[in-house]
Amino acid sequence: MLRLIAEKIGMMQKIDDIGYLEYQKAVDVIDIVDIFVEEKERRKGYGEKMLSELITQNPDCEFFLEVRVNNLPAVNLYKKLLFEIINIRKKYYNNEDAYLMKKEKKCLKQI
Ligand SMILES: CC(C)(COP(=O)(O)OP(=O)(O)OC[C@H]1O[C@@H](n2cnc3c(N)ncnc32)[C@H](O)[C@@H]1OP(=O)(O)O)[C@@H](O)C(=O)NCCC(=O)NCCS
């Protein structure tokens with residue numbers, strides 16, 4: 001239901017049945033809520049494509065997200081797009097810690 005609402009008010013980008021990127025935008029701050037690529041379509045560049053397109057479309061925004069510390073594919077994806085770890089949120093996902101990551105506006109030119 002949440003995803004349906006998000007899609008209706010334009011807070012989701014989708015690549016057909018391959019994956020989606022869900023986010024919330026408030027003025028010049030974008031929170032990445034979720035990114036997902038179907039298992040059989042992973043490692044083909046779709047995740048990077050969705051996220052880098054959102055960044056390119058919003059050059060005046062800074063970006064924030066939380067990610068499980070042991071989610072190596074996602075952490076690597078975010079680091080590749082110049083997100084930085086700015087904090088650790090203890091037990092953010094029940095018993096698992098999360099990184100709070102941020103991408104500054106000033107990094108946008110480097111994409
Ligand atoms: C995270 C996720 C969206 C990445 O999507 P993807 O389309 O497979 O990623 P891409 O092919 O665009 O890869 C881009 C970069 O991400 C990193 N990456 C992706 N998969 C990786 C893996 N299995 N191991 C290590 N790094 C990985 C790499 O840095 C990669 O760049 P490279 O190909 O030059 O090495 C996907 O793994 C996924 O849907 N995971 C389950 C949902 C999830 O955990 N979402 C994150 C919520 S915070």
# chains A, B, ... in the order shown; residues from 1 in each chain; ligands from 1

call {"tool": "residues_near_ligand", "arguments": {"ligand": "ligand 1", "cutoff": "9 Å", "atoms": "only C-alpha atoms and all ligand atoms", "output": "number ranges by chain"}}
result
A: 18-21, 32-51, 65-68, 71-81

call {"tool": "residues_around", "arguments": {"residues": "Lys105 of chain A", "least_positions_apart": "6", "cutoff": "7 Å", "atoms": "only C-alpha atoms", "output": "PDB file with C-alpha atoms, in the first residue's frame"}}
result
ATOM      1  CA  PRO A  59      21.389  18.349  -8.472  1.00  0.00           C
ATOM      2  CA  ASP A  60      20.480  20.745  -5.647  1.00  0.00           C
ATOM      3  CA  CYS A  61      19.596  18.024  -3.132  1.00  0.00           C
ATOM      4  CA  GLU A  62      21.517  16.204  -0.466  1.00  0.00           C
TER       5      GLU A  62
END

call {"tool": "select_by_dssp", "arguments": {"residues": "chain A", "states": "helix (DSSP H, G or I)", "output": "ChimeraX atom specification"}}
result
/A:2-8,39-41,46-57,72-80,105-110

call {"tool": "closest_residue", "arguments": {"among": "A:Ser52, A:Asn94, A:Asn70, A:Gln57", "to": "Leu82 of chain A", "atoms": "only C-alpha atoms"}}
result
A:Ser52

call {"tool": "atom_distance", "arguments": {"atom1": "atom CA of Leu100 of chain A", "atom2": "atom CA of Asp16 of chain A"}}
result
28.9 Å

call {"tool": "residues_around", "arguments": {"residues": "Phe63 of chain A", "least_positions_apart": "5", "cutoff": "12 Å", "atoms": "only C-alpha atoms", "output": "number ranges by chain"}}
result
A: 23-33, 51-52, 54-56, 58, 78, 81-86, 100-108

call {"tool": "atom_distance", "arguments": {"atom1": "atom CA of Lys91 of chain A", "atom2": "atom CA of Val69 of chain A"}}
result
10.4 Å
